[in-house]
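Here is protein_19.txt, consisting of compact mmCIF, C-alpha atoms:
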# COMPACT_ATOMS: atom_id res chain seq x y z
CA MET T 1 332.04 109.55 219.82
CA ASN T 2 332.52 105.84 219.72
CA ARG T 3 335.48 106.24 217.47
CA THR T 4 337.01 108.90 219.70
CA LEU T 5 336.62 106.62 222.69
CA ARG T 6 338.21 103.76 220.85
CA LEU T 7 341.12 105.90 219.79
CA SER T 8 341.58 107.22 223.26
CA ILE T 9 341.60 103.67 224.66
CA LEU T 10 344.10 102.64 222.04
CA ALA T 11 346.24 105.61 222.90
CA SER T 12 346.09 104.75 226.60
CA VAL T 13 347.01 101.15 225.89
CA ALA T 14 349.90 102.31 223.75
CA LEU T 15 351.05 104.66 226.47
CA MET T 16 350.73 101.93 229.06
CA SER T 17 352.72 99.58 226.89
CA LEU T 18 355.37 102.21 226.53
CA GLY T 19 355.32 102.73 230.25
CA TRP T 20 355.78 99.02 230.89
CA ALA T 21 358.61 98.81 228.42
CA GLY T 22 360.28 101.83 229.91
CA ALA T 23 360.00 100.51 233.45
CA SER T 24 361.71 97.23 232.74
CA GLN T 25 365.10 96.61 231.23
CA ALA T 26 365.10 96.58 227.47
CA GLN T 27 366.70 93.11 227.27
CA GLN T 28 363.88 91.55 229.24
CA ASN T 29 361.47 92.07 226.38
CA ASN T 30 363.53 89.57 224.44
CA MET T 31 363.65 87.13 227.34
CA SER T 32 362.33 83.70 226.38
CA PHE T 33 363.71 81.61 229.26
CA PHE T 34 363.69 82.07 233.00
CA ILE T 35 363.59 80.22 236.29
CA THR T 36 360.61 81.20 238.40
CA SER T 37 361.63 83.55 241.22
CA VAL T 38 358.99 81.90 243.40
CA GLY T 39 357.07 78.63 243.30
CA SER T 40 353.39 77.97 243.86
CA GLY T 41 354.09 77.64 247.58
CA LYS T 42 352.08 74.41 247.64
CA GLY T 43 354.88 72.01 246.83
CA GLY T 44 354.18 69.91 243.77
CA ASP T 45 350.62 71.20 243.50
CA LEU T 46 350.90 73.78 240.73
CA GLY T 47 347.28 73.62 239.66
CA GLY T 48 348.24 71.25 236.86
CA LEU T 49 350.07 72.32 233.71
CA THR T 50 347.53 75.12 233.25
CA GLY T 51 348.32 76.57 236.65
CA ALA T 52 352.05 76.30 236.02
CA ASP T 53 351.77 78.03 232.64
CA ALA T 54 349.72 80.82 234.22
CA HIS T 55 352.42 81.22 236.89
CA CYS T 56 355.04 81.59 234.12
CA GLN T 57 352.85 84.11 232.29
CA GLN T 58 352.20 86.15 235.41
CA LEU T 59 355.86 86.35 236.42
CA ALA T 60 356.85 87.18 232.83
CA ALA T 61 354.24 89.95 232.66
CA ALA T 62 355.49 91.47 235.91
CA ALA T 63 358.95 91.60 234.33
CA GLY T 64 357.69 93.17 231.10
CA ALA T 65 357.73 90.03 228.99
CA GLY T 66 354.06 89.15 229.14
CA ASN T 67 353.54 89.70 225.43
CA LYS T 68 354.74 86.17 224.68
CA THR T 69 352.99 82.90 225.40
CA TRP T 70 354.84 81.16 228.21
CA ARG T 71 354.98 77.48 229.04
CA ALA T 72 356.35 75.65 232.06
CA TYR T 73 358.97 72.99 231.36
CA LEU T 74 357.01 70.10 232.89
CA SER T 75 355.92 66.65 231.75
CA THR T 76 352.80 64.77 232.81
CA ASN T 77 352.17 61.01 232.85
CA SER T 78 349.51 59.37 230.78
CA THR T 79 346.34 58.48 232.68
CA PRO T 80 343.39 56.28 231.69
CA ALA T 81 341.73 59.51 230.51
CA ALA T 82 344.62 61.38 228.85
CA PRO T 83 347.92 60.73 227.09
CA GLY T 84 351.20 61.80 228.67
CA ILE T 85 352.78 65.13 227.76
CA ASN T 86 356.50 65.66 227.17
CA ALA T 87 358.04 68.89 228.48
CA ARG T 88 360.15 69.08 225.31
CA ASP T 89 357.01 69.28 223.17
CA ARG T 90 355.57 72.27 225.04
CA ILE T 91 358.19 74.96 224.64
CA GLY T 92 358.32 75.92 220.99
CA ASN T 93 361.35 75.69 218.75
CA GLY T 94 363.87 78.10 220.28
CA PRO T 95 366.30 79.71 220.40
CA TRP T 96 365.72 80.80 223.98
CA GLN T 97 367.55 83.50 225.86
CA ASN T 98 367.61 84.51 229.49
CA ALA T 99 366.92 87.97 230.96
CA LYS T 100 370.48 89.08 230.15
CA GLY T 101 370.20 88.01 226.52
CA VAL T 102 372.35 84.88 226.87
CA VAL T 103 371.11 82.11 224.56
CA ILE T 104 370.75 78.92 226.60
CA ALA T 105 369.84 76.68 223.64
CA LYS T 106 369.27 77.01 219.90
CA ASP T 107 366.54 74.42 219.55
CA VAL T 108 364.88 71.49 221.31
CA ASN T 109 367.65 69.03 220.47
CA ASP T 110 370.34 71.50 221.51
CA LEU T 111 368.51 72.04 224.79
CA HIS T 112 368.60 68.31 225.51
CA THR T 113 372.21 67.74 224.52
CA ASN T 114 374.13 70.97 225.02
CA ALA T 115 372.04 73.35 227.15
CA GLN T 116 373.88 76.39 228.51
CA ILE T 117 371.81 76.29 231.67
CA ASN T 118 374.14 76.69 234.64
CA LYS T 119 374.76 78.79 237.73
CA ALA T 120 375.61 81.93 235.69
CA ASN T 121 372.79 81.63 233.16
CA GLY T 122 370.06 80.23 235.37
CA LEU T 123 368.41 83.58 236.02
CA ASN T 124 364.89 84.35 237.16
CA GLU T 125 362.48 86.61 235.27
CA LYS T 126 364.02 89.66 236.96
CA GLY T 127 367.50 88.72 235.82
CA GLU T 128 368.56 87.65 239.28
CA PRO T 129 370.57 84.50 239.98
CA THR T 130 368.86 81.47 241.52
CA LYS T 131 370.20 80.26 244.87
CA VAL T 132 372.25 77.16 244.13
CA ARG T 133 374.69 74.73 245.70
CA GLY T 134 377.00 76.78 247.93
CA ASP T 135 374.29 79.36 248.61
CA ASN T 136 372.09 79.33 251.65
CA PRO T 137 369.50 78.00 251.18
CA ASN T 138 370.25 75.84 248.15
CA GLN T 139 367.24 76.03 245.82
CA HIS T 140 368.77 74.47 242.71
CA ASP T 141 366.15 71.72 242.30
CA MET T 142 363.86 72.47 239.36
CA LEU T 143 360.54 70.64 239.06
CA THR T 144 360.46 68.86 235.68
CA GLY T 145 358.86 65.41 235.97
CA SER T 146 360.96 64.53 232.94
CA THR T 147 363.61 62.17 231.65
CA LEU T 148 367.02 63.39 230.44
CA GLU T 149 365.41 63.74 227.01
CA GLY T 150 362.59 65.89 228.38
CA ARG T 151 359.96 63.19 228.09
CA ALA T 152 357.28 61.87 230.44
CA PHE T 153 357.94 58.76 232.50
CA PRO T 154 355.76 55.64 232.11
CA PRO T 155 352.40 55.86 233.87
CA ASN T 156 353.41 53.44 236.62
CA MET T 157 355.81 56.07 237.94
CA ASN T 158 354.42 59.10 239.69
CA LEU T 159 357.30 61.55 239.36
CA THR T 160 354.94 64.46 238.69
CA CYS T 161 353.12 64.86 242.04
CA ASN T 162 349.97 63.47 240.41
CA ASN T 163 350.53 65.52 237.28
CA TRP T 164 351.25 68.67 239.32
CA THR T 165 348.01 68.59 241.25
CA SER T 166 349.12 67.14 244.58
CA SER T 167 351.26 68.09 247.52
CA ASN T 168 350.58 64.65 249.02
CA PHE T 169 351.12 61.89 246.49
CA GLY T 170 354.16 60.74 244.56
CA SER T 171 357.36 62.67 244.17
CA ALA T 172 358.83 65.01 241.58
CA MET T 173 361.70 64.40 239.18
CA LEU T 174 364.01 67.36 239.53
CA GLY T 175 366.78 69.03 237.54
CA HIS T 176 369.80 70.91 238.90
CA SER T 177 369.82 74.52 237.66
CA ASP T 178 373.55 74.79 238.49
CA ARG T 179 374.38 71.33 237.07
CA GLU T 180 376.00 70.40 240.38
CA GLY T 181 375.09 67.65 242.84
CA ILE T 182 376.47 65.29 245.42
CA ALA T 183 378.14 62.97 242.93
CA ASP T 184 379.95 63.23 239.62
CA THR T 185 377.35 61.48 237.49
CA VAL T 186 375.46 62.40 234.33
CA TYR T 187 372.32 62.64 236.42
CA GLN T 188 373.70 64.97 239.08
CA HIS T 189 374.93 67.28 236.30
CA SER T 190 371.54 67.25 234.60
CA TRP T 191 369.48 70.43 234.45
CA ASN T 192 366.26 68.46 233.94
CA SER T 193 366.54 64.93 235.38
CA ALA T 194 368.88 64.78 238.37
CA HIS T 195 366.94 62.97 241.09
CA MET T 196 363.56 62.64 242.80
CA SER T 197 362.17 64.84 245.55
CA ARG T 198 361.60 63.38 248.98
CA ASP T 199 357.89 63.91 248.49
CA CYS T 200 355.50 66.53 247.09
CA THR T 201 355.05 68.81 250.08
CA GLN T 202 356.60 72.26 250.15
CA PRO T 203 358.79 71.29 253.16
CA GLY T 204 359.73 68.08 251.30
CA LEU T 205 360.88 70.08 248.26
CA VAL T 206 362.83 72.49 250.48
CA ALA T 207 364.47 69.61 252.36
CA THR T 208 365.49 67.98 249.08
CA GLY T 209 367.32 71.15 247.95
CA GLY T 210 364.72 73.26 246.20
CA ASN T 211 361.77 75.55 246.70
CA GLY T 212 359.25 74.34 244.14
CA LEU T 213 360.80 76.46 241.38
CA PHE T 214 360.55 75.53 237.71
CA MET T 215 361.60 76.76 234.29
CA CYS T 216 359.55 78.78 231.82
CA PHE T 217 360.03 79.00 228.06
CA ALA T 218 358.44 81.23 225.43
CA GLN T 219 358.46 81.54 221.67
CA MET B 1 388.92 20.97 279.12
CA GLN B 2 388.73 23.31 276.13
CA LYS B 3 388.01 20.38 273.88
CA THR B 4 385.22 19.20 276.13
CA LEU B 5 383.71 22.67 276.12
CA ARG B 6 383.83 22.82 272.33
CA PHE B 7 382.15 19.42 272.08
CA SER B 8 379.49 20.42 274.48
CA LEU B 9 378.86 23.63 272.49
CA MET B 10 378.65 21.64 269.29
CA ALA B 11 376.26 19.22 270.88
CA SER B 12 374.07 22.08 272.04
CA ALA B 13 374.14 23.61 268.60
CA THR B 14 373.16 20.30 267.05
CA VAL B 15 370.28 19.93 269.44
CA LEU B 16 369.22 23.50 268.71
CA MET B 17 369.36 22.93 264.97
CA PHE B 18 367.49 19.70 265.32
CA GLY B 19 364.89 21.45 267.41
CA ALA B 20 364.54 24.24 264.89
CA SER B 21 364.20 21.92 261.90
CA ALA B 22 361.73 19.71 263.76
CA GLN B 23 359.64 22.80 264.36
CA ALA B 24 359.93 23.90 260.73
CA GLN B 25 358.80 20.50 259.53
CA GLN B 26 355.42 21.20 261.00
CA GLY B 27 354.73 23.36 257.89
CA PRO B 28 353.86 21.92 254.48
CA GLN B 29 356.89 20.64 252.61
CA ALA B 30 357.61 21.51 248.97
CA PRO B 31 361.12 20.33 248.15
CA ASN B 32 360.65 20.79 244.38
CA MET B 33 359.42 24.37 244.70
CA THR B 34 361.48 26.95 242.77
CA PHE B 35 359.18 29.96 243.13
CA PHE B 36 357.25 31.52 245.96
CA VAL B 37 356.00 34.77 247.45
CA THR B 38 357.38 35.40 250.92
CA SER B 39 354.74 34.50 253.50
CA ALA B 40 356.10 37.11 255.89
CA PRO B 41 357.89 40.43 255.47
CA ILE B 42 361.25 41.30 256.95
CA GLY B 43 359.27 44.00 258.74
CA LYS B 44 361.38 47.09 258.21
CA GLY B 45 359.63 48.37 255.10
CA GLY B 46 361.94 48.75 252.13
CA ASP B 47 365.00 48.08 254.27
CA LEU B 48 365.71 44.45 253.45
CA GLY B 49 369.39 44.56 254.32
CA GLY B 50 370.17 45.05 250.62
CA LEU B 51 369.91 42.31 248.02
CA ALA B 52 371.96 40.03 250.28
CA GLY B 53 369.49 40.41 253.13
CA ALA B 54 366.55 39.77 250.81
CA ASP B 55 368.19 36.66 249.38
CA ALA B 56 368.83 35.37 252.91
CA HIS B 57 365.16 35.90 253.76
CA CYS B 58 364.18 33.82 250.70
CA GLN B 59 366.65 31.12 251.70
CA GLN B 60 365.40 31.02 255.27
CA LEU B 61 361.71 30.75 254.31
CA ALA B 62 362.52 28.14 251.64
CA ALA B 63 364.30 26.07 254.26
CA THR B 64 361.17 25.98 256.42
CA ALA B 65 359.36 24.36 253.47
CA GLY B 66 362.07 21.77 252.87
CA ALA B 67 363.46 23.64 249.84
CA GLY B 68 366.56 25.07 251.48
CA GLY B 69 368.86 22.85 249.39
CA LYS B 70 368.65 25.27 246.47
CA THR B 71 370.16 28.72 246.11
CA TRP B 72 367.39 31.30 246.35
CA HIS B 73 367.34 34.84 245.04
CA ALA B 74 364.87 37.64 245.60
CA TYR B 75 363.27 39.13 242.49
CA LEU B 76 364.56 42.67 243.06
CA SER B 77 366.48 45.19 240.99
CA SER B 78 368.89 47.75 242.36
CA ALA B 79 369.73 51.05 240.67
CA GLU B 80 373.18 52.05 239.53
CA ALA B 81 375.14 54.06 242.08
CA PRO B 82 378.40 56.03 241.68
CA THR B 83 380.22 53.00 243.07
CA ALA B 84 378.19 50.11 241.67
CA LYS B 85 376.35 49.09 238.55
CA GLY B 86 372.64 48.52 238.53
CA VAL B 87 371.35 44.98 238.95
CA ASN B 88 368.36 43.66 237.00
CA ALA B 89 365.94 41.34 238.82
CA ARG B 90 365.62 39.27 235.63
CA ASP B 91 369.34 38.51 235.69
CA ARG B 92 369.30 37.13 239.25
CA ILE B 93 366.87 34.24 239.06
CA GLY B 94 368.43 31.57 236.87
CA ASN B 95 366.92 30.18 233.68
CA GLY B 96 363.72 28.47 234.79
CA PRO B 97 361.37 26.75 234.51
CA TRP B 98 360.02 27.65 237.93
CA GLN B 99 357.24 25.94 239.83
CA ASN B 100 355.28 26.95 242.89
CA ALA B 101 354.70 25.01 246.11
CA LYS B 102 351.91 22.99 244.43
CA GLY B 103 354.06 22.05 241.46
CA VAL B 104 352.43 24.47 238.99
CA VAL B 105 354.95 25.87 236.51
CA ILE B 106 354.59 29.67 236.45
CA ALA B 107 357.06 30.36 233.62
CA GLN B 108 359.35 28.38 231.34
CA ASN B 109 362.22 30.85 231.17
CA VAL B 110 363.15 34.49 231.75
CA ASP B 111 361.50 35.77 228.57
CA ASP B 112 358.36 33.75 229.24
CA LEU B 113 358.21 35.16 232.76
CA HIS B 114 358.28 38.69 231.36
CA SER B 115 355.67 38.03 228.69
CA ALA B 116 351.88 37.95 228.74
CA ASN B 117 352.22 34.17 228.60
CA ASN B 118 353.40 33.65 232.18
CA LYS B 119 351.09 31.74 234.50
CA LEU B 120 351.25 34.09 237.44
CA SER B 121 347.90 34.79 239.06
CA ARG B 122 346.31 35.03 242.45
CA ASP B 123 345.96 31.24 242.49
CA THR B 124 349.51 30.41 241.41
CA ALA B 125 351.56 33.10 243.15
CA LEU B 126 351.66 31.09 246.36
CA THR B 127 353.79 31.45 249.44
CA GLU B 128 356.43 28.89 250.40
CA ARG B 129 353.70 27.28 252.50
CA GLY B 130 351.44 26.93 249.45
CA ALA B 131 349.03 29.64 250.60
CA VAL B 132 347.31 32.28 248.48
CA VAL B 133 348.38 35.84 249.34
CA SER B 134 345.55 38.02 250.59
CA GLY B 135 344.72 40.39 247.72
CA VAL B 136 341.98 42.58 246.29
CA GLY B 137 338.59 41.52 247.67
CA TYR B 138 340.12 40.24 250.90
CA THR B 139 341.33 41.81 254.11
CA PRO B 140 344.09 42.81 254.44
CA VAL B 141 345.20 43.66 250.90
CA TRP B 142 348.81 42.53 250.71
CA HIS B 143 348.99 42.21 246.92
CA ASP B 144 351.94 44.60 246.42
CA ALA B 145 355.25 42.80 245.89
CA LEU B 146 358.49 44.78 246.14
CA THR B 147 360.38 44.60 242.83
CA GLY B 148 362.13 47.92 242.07
CA SER B 149 361.88 46.89 238.43
CA ASP B 150 360.40 47.95 235.14
CA ARG B 151 358.06 45.60 233.29
CA GLU B 152 360.97 43.82 231.66
CA GLY B 153 362.47 43.14 235.06
CA ARG B 154 365.23 45.68 234.70
CA ALA B 155 366.59 48.37 237.00
CA PHE B 156 365.50 51.98 236.60
CA PRO B 157 368.07 54.66 235.72
CA GLY B 158 370.28 56.03 238.48
CA ASN B 159 368.21 59.20 238.91
CA ILE B 160 365.19 57.19 240.02
CA ASN B 161 365.02 55.75 243.49
CA MET B 162 362.36 53.07 243.18
CA THR B 163 364.39 50.69 245.35
CA CYS B 164 364.27 52.36 248.79
CA ASN B 165 367.97 53.21 248.43
CA ASN B 166 368.71 49.80 246.96
CA TRP B 167 366.74 48.03 249.67
CA SER B 168 368.69 49.56 252.50
CA SER B 169 366.30 52.27 253.69
CA SER B 170 362.89 52.53 255.29
CA GLN B 171 363.04 56.32 254.84
CA PHE B 172 364.31 57.34 251.44
CA GLY B 173 362.77 56.93 248.01
CA LYS B 174 359.91 54.72 246.93
CA ALA B 175 359.56 51.09 245.90
CA MET B 176 358.27 49.98 242.51
CA LEU B 177 355.74 47.26 243.17
CA GLY B 178 354.03 44.43 241.34
CA HIS B 179 350.51 43.11 241.90
CA ILE B 180 350.69 39.52 243.16
CA ASP B 181 347.01 39.01 242.24
CA ARG B 182 347.32 40.85 238.89
CA THR B 183 344.48 43.11 239.98
CA GLY B 184 344.44 46.85 240.61
CA LEU B 185 342.35 50.00 240.60
CA ALA B 186 342.21 50.35 236.83
CA ASP B 187 341.86 47.81 234.05
CA ASN B 188 345.16 48.40 232.28
CA ASP B 189 348.46 46.66 231.65
CA TYR B 190 350.13 48.35 234.60
CA ALA B 191 347.42 47.46 237.12
CA ARG B 192 347.65 43.85 235.93
CA SER B 193 351.43 43.77 236.05
CA TRP B 194 352.98 41.29 238.46
CA ASN B 195 356.28 43.21 238.59
CA SER B 196 355.80 46.92 237.71
CA THR B 197 352.42 48.33 238.58
CA HIS B 198 352.96 51.46 240.71
CA GLN B 199 355.20 52.89 243.36
CA SER B 200 354.77 52.80 247.13
CA ARG B 201 353.82 55.86 249.15
CA GLY B 202 357.15 55.66 250.92
CA CYS B 203 359.61 53.09 252.21
CA SER B 204 358.44 52.58 255.80
CA GLN B 205 356.55 49.44 256.76
CA ALA B 206 353.50 51.63 257.48
CA ASP B 207 353.73 53.21 254.01
CA LEU B 208 353.97 49.80 252.34
CA ILE B 209 350.88 48.65 254.22
CA ALA B 210 348.98 51.86 253.40
CA THR B 211 349.79 51.38 249.72
CA GLY B 212 348.33 47.86 249.67
CA GLY B 213 351.16 45.57 250.65
CA ASN B 214 353.19 44.25 253.53
CA GLY B 215 356.75 44.24 252.22
CA LEU B 216 356.41 40.83 250.56
CA PHE B 217 358.49 39.86 247.52
CA TYR B 218 359.10 37.06 245.03
CA CYS B 219 361.79 34.40 245.46
CA PHE B 220 363.20 32.20 242.69
CA ALA B 221 365.60 29.24 242.68
CA GLN B 222 367.28 27.08 240.10
As structure tokens - that is how I would like this structure written.
Amino acid sequence: MNRTLRLSILASVALMSLGWAGASQAQQNNMSFFITSVGSGKGGDLGGLTGADAHCQQLAAAAGAGNKTWRAYLSTNSTPAAPGINARDRIGNGPWQNAKGVVIAKDVNDLHTNAQINKANGLNEKGEPTKVRGDNPNQHDMLTGSTLEGRAFPPNMNLTCNNWTSSNFGSAMLGHSDREGIADTVYQHSWNSAHMSRDCTQPGLVATGGNGLFMCFAQ
Amino acid sequence: MQKTLRFSLMASATVLMFGASAQAQQGPQAPNMTFFVTSAPIGKGGDLGGLAGADAHCQQLAATAGAGGKTWHAYLSSAEAPTAKGVNARDRIGNGPWQNAKGVVIAQNVDDLHSANNKLSRDTALTERGAVVSGVGYTPVWHDALTGSDREGRAFPGNINMTCNNWSSSQFGKAMLGHIDRTGLADNDYARSWNSTHQSRGCSQADLIATGGNGLFYCFAQ
């Protein structure tokens, strides 16, 4: 009896898995990089790194890629109670590919020197393009809180909206998903460290040129 | 006729200048001073009129203390822009040594100033009038000095606006601040830093006050 039940549950799970796989595009199961289609809606308050990771996992699952462990590309500053965390150290070893199977980087170093993140490849979990410069509205600002190398800033700089817990304090360091900005500088072309947000509110992020979106990576 | 007018204008100007300097001389005089904290803000938050405006403010306050004969520079960095290179506060202030209005030497040279060995404290970081700046434990708390600098006195990278748009805006960006009294919320190197402790809430005068300052900054002369 017990065994029958267990088998039947297993069978259901297997069927459900099949159903999920069938419903989504086959390529998406191999997806290991995406830009969130939506943000938390609370500006820079993502519920900390944990909340941001859960957001990645939830969006990935809805797109049929929930079988991997997803991490948000975000850094946090050190505090008296905890050391800082570098976004580059959270995302596994790569390679990572988007929902269409395009590899955006081979490994962590490649990601921070030669990333193929751009307007064409910067897709969300559903394989849709992100609204960028030239679109209306422009939502190309990605929350990162990181340096060009994907590392945390010193603790006297709050470029992480209080380590992604506040829509009031600090500001957010942002990347440009389309690698385009208002000037021809290394920063404006950066996917992970272009400029700061006006503040940490949702309207502040929108006014800066974003919507509180961020990037998710899986192994 | 024209010549007479010009003379009369000059005479008026002289009288005005004389009047102004006579008034200024009512304050304490510190002709040998080469370091001070501004006793008063410009009043427009992080908009200081750029580095030039900040330097002029230093010069003007120094003059009221009888130290206007030197060339004064504000201790402020500005970030690199597409059209201009960044400027490091540490490169603007001469070689030292620098002494406050009471004659106390606060640092021997640029490296000494940016080391744990400098003599900056609540009791030595005095205004041009020789007064202590109201800090932690007093009301109001005005211990935040505008610097826009890292702990070594250098500018931040061009993607970081910790200079209120290079001291031209009371709206955009933030200001990196130092603690004039070397005292903050936590007991760590940053809270004790005179030049790079934390950023302001915003760049308006109200934001600077809410953060724990009043838009004051450091001035140095050679």
(request) For T:Leu159, work out the shell of residues within 7 Å, counting all atoms listed in the file and skipping chain neighbours fewer than 4 positions away, then give it as a VMD selection string. (result) chain T and resid 145 170 to 173
Next, the residues of the selection above should be written as a PDB file, keeping the file's coordinate frame with C-alpha atoms.
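The new file result.pdb reads:
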ATOM      1  CA  GLY T 145     358.860  65.410 235.970  1.00  0.00           C
ATOM      2  CA  GLY T 170     354.160  60.740 244.560  1.00  0.00           C
ATOM      3  CA  SER T 171     357.360  62.670 244.170  1.00  0.00           C
ATOM      4  CA  ALA T 172     358.830  65.010 241.580  1.00  0.00           C
ATOM      5  CA  MET T 173     361.700  64.400 239.180  1.00  0.00           C
TER       6      MET T 173
END
(message) Taking only C-alpha atoms into account, find every residue of chain T that has an atom no more than 7 Å from chain B, and write it out as a ChimeraX atom specification.
(response) /T:156-157,170,185,187,193-196,198
(message) Considering all atoms listed in the file, can you say which of T:Gly134, T:Gly64, T:Pro83, T:Gly175 comes closest to T:Leu148?
(response)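 Among T:Gly134, T:Gly64, T:Pro83, T:Gly175, it is T:Gly175 that comes nearest to T:Leu148.
Interatomic distance, atom CA of B:Ala54 against atom CA of B:Thr147: 11.2 Å.
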(message) Rounded to one decimal, what separation in Å do you get between atom CA of T:Ala63 and atom CA of T:Gln202?
(response)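 One can read the atom CA of T:Ala63 to atom CA of T:Gln202 distance as 25.1 Å.
Atom CA of T:Thr160 is positioned 11.2 Å from atom CA of T:Ile85.
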I'd like the contact shell of B:Gln60 - 12 Å cut-off, only C-alpha atoms, skipping same-chain residues fewer than 5 positions apart - returned as a PDB file with C-alpha atoms, in the frame of the given file.
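result29.pdb, freshly written:
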ATOM      1  CA  ALA B  20     364.540  24.240 264.890  1.00  0.00           C
ATOM      2  CA  SER B  21     364.200  21.920 261.900  1.00  0.00           C
ATOM      3  CA  ALA B  24     359.930  23.900 260.730  1.00  0.00           C
ATOM      4  CA  THR B  38     357.380  35.400 250.920  1.00  0.00           C
ATOM      5  CA  SER B  39     354.740  34.500 253.500  1.00  0.00           C
ATOM      6  CA  ALA B  40     356.100  37.110 255.890  1.00  0.00           C
ATOM      7  CA  ILE B  42     361.250  41.300 256.950  1.00  0.00           C
ATOM      8  CA  GLY B  53     369.490  40.410 253.130  1.00  0.00           C
ATOM      9  CA  ALA B  54     366.550  39.770 250.810  1.00  0.00           C
ATOM     10  CA  ASP B  55     368.190  36.660 249.380  1.00  0.00           C
ATOM     11  CA  ALA B  65     359.360  24.360 253.470  1.00  0.00           C
ATOM     12  CA  GLY B  66     362.070  21.770 252.870  1.00  0.00           C
ATOM     13  CA  ALA B  67     363.460  23.640 249.840  1.00  0.00           C
ATOM     14  CA  GLY B  68     366.560  25.070 251.480  1.00  0.00           C
ATOM     15  CA  GLY B  69     368.860  22.850 249.390  1.00  0.00           C
ATOM     16  CA  LYS B  70     368.650  25.270 246.470  1.00  0.00           C
ATOM     17  CA  THR B  71     370.160  28.720 246.110  1.00  0.00           C
ATOM     18  CA  TRP B  72     367.390  31.300 246.350  1.00  0.00           C
ATOM     19  CA  HIS B  73     367.340  34.840 245.040  1.00  0.00           C
ATOM     20  CA  ALA B  74     364.870  37.640 245.600  1.00  0.00           C
ATOM     21  CA  GLU B 128     356.430  28.890 250.400  1.00  0.00           C
ATOM     22  CA  CYS B 219     361.790  34.400 245.460  1.00  0.00           C
TER      23      CYS B 219
END
(message) Set the distance at 9 Å and use all atoms listed in the file: which residues neighbour T:Pro154 once local chain neighbours fewer than 6 positions away are removed? I'd like the list as a ChimeraX atom specification.
(response) /T:77-78,84
(message) Restricting the calculation to all atoms listed in the file: of B:Thr64, B:Ser149, B:Thr34, B:Thr139, which residue gets closest to B:Ala107?
(response) B:Thr34
(request) Using only C-alpha atoms, determine which residues lie at most 8 Å from T:Gly181, disregarding the query and same-chain residues fewer than 6 positions distant; provide the list as a PyMOL selection string. (result) chain T and resi 133+188-189
(request) Please return, as a ChimeraX atom specification, all polymer residues that have at least one atom within 7 Å of the point (362.6, 87.2, 234.4); use only C-alpha atoms and the file's own coordinate frame. (result) /T:28,34,60,63,99,124-127
(request) For each of B:Asn166, B:Gln59, B:Asn32, B:Gln99, take the minimum atom-to-atom distance to B:Lys85, counting all atoms listed in the file, then give the residue where this is smallest. (result)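 Looking only at the distances to B:Lys85, the closest residue turns out to be B:Asn166.
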(message) I'd like the contact shell of T:Asn136 - 12 Å cut-off, all atoms listed in the file, skipping same-chain residues fewer than 5 positions apart - returned as a PyMOL selection string.
(response) chain T and resi 130-131+206+209-210
Could you take the residues named above and write them with C-alpha atoms, as a PDB file, in the coordinates of the input?
ATOM      1  CA  THR T 130     368.860  81.470 241.520  1.00  0.00           C
ATOM      2  CA  LYS T 131     370.200  80.260 244.870  1.00  0.00           C
ATOM      3  CA  VAL T 206     362.830  72.490 250.480  1.00  0.00           C
ATOM      4  CA  GLY T 209     367.320  71.150 247.950  1.00  0.00           C
ATOM      5  CA  GLY T 210     364.720  73.260 246.200  1.00  0.00           C
TER       6      GLY T 210
END
(request) Rank T:Ala218, T:Ala115, T:Cys161, T:Ala183 by their smallest atom-to-atom distance to T:Gly47, using all atoms listed in the file, and report the top residue only. (result)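 Closest to T:Gly47 of all the choices is T:Cys161.
Proximity of B:Ser170, B:Asn165, B:Thr83, B:Gln29 to B:Gly46, computed with only C-alpha atoms, is greatest for B:Ser170.
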Using 5 Å of padding on each side, determine the axis-aligned box around all atoms of stretch 120-133 of chain B present in the file and give its centre and edge lengths in Å to one decimal, as JSON.
{"center_x": 351.2, "center_y": 31.4, "center_z": 245.0, "size_x": 20.5, "size_y": 18.9, "size_z": 25.1}
(message) Counting all atoms listed in the file, I want the residues whose atoms come within 7 Å of (362.3, 64.7, 229.7) in the file frame, returned as number ranges by chain.
(response) T: 75, 86-88, 146-152, 192
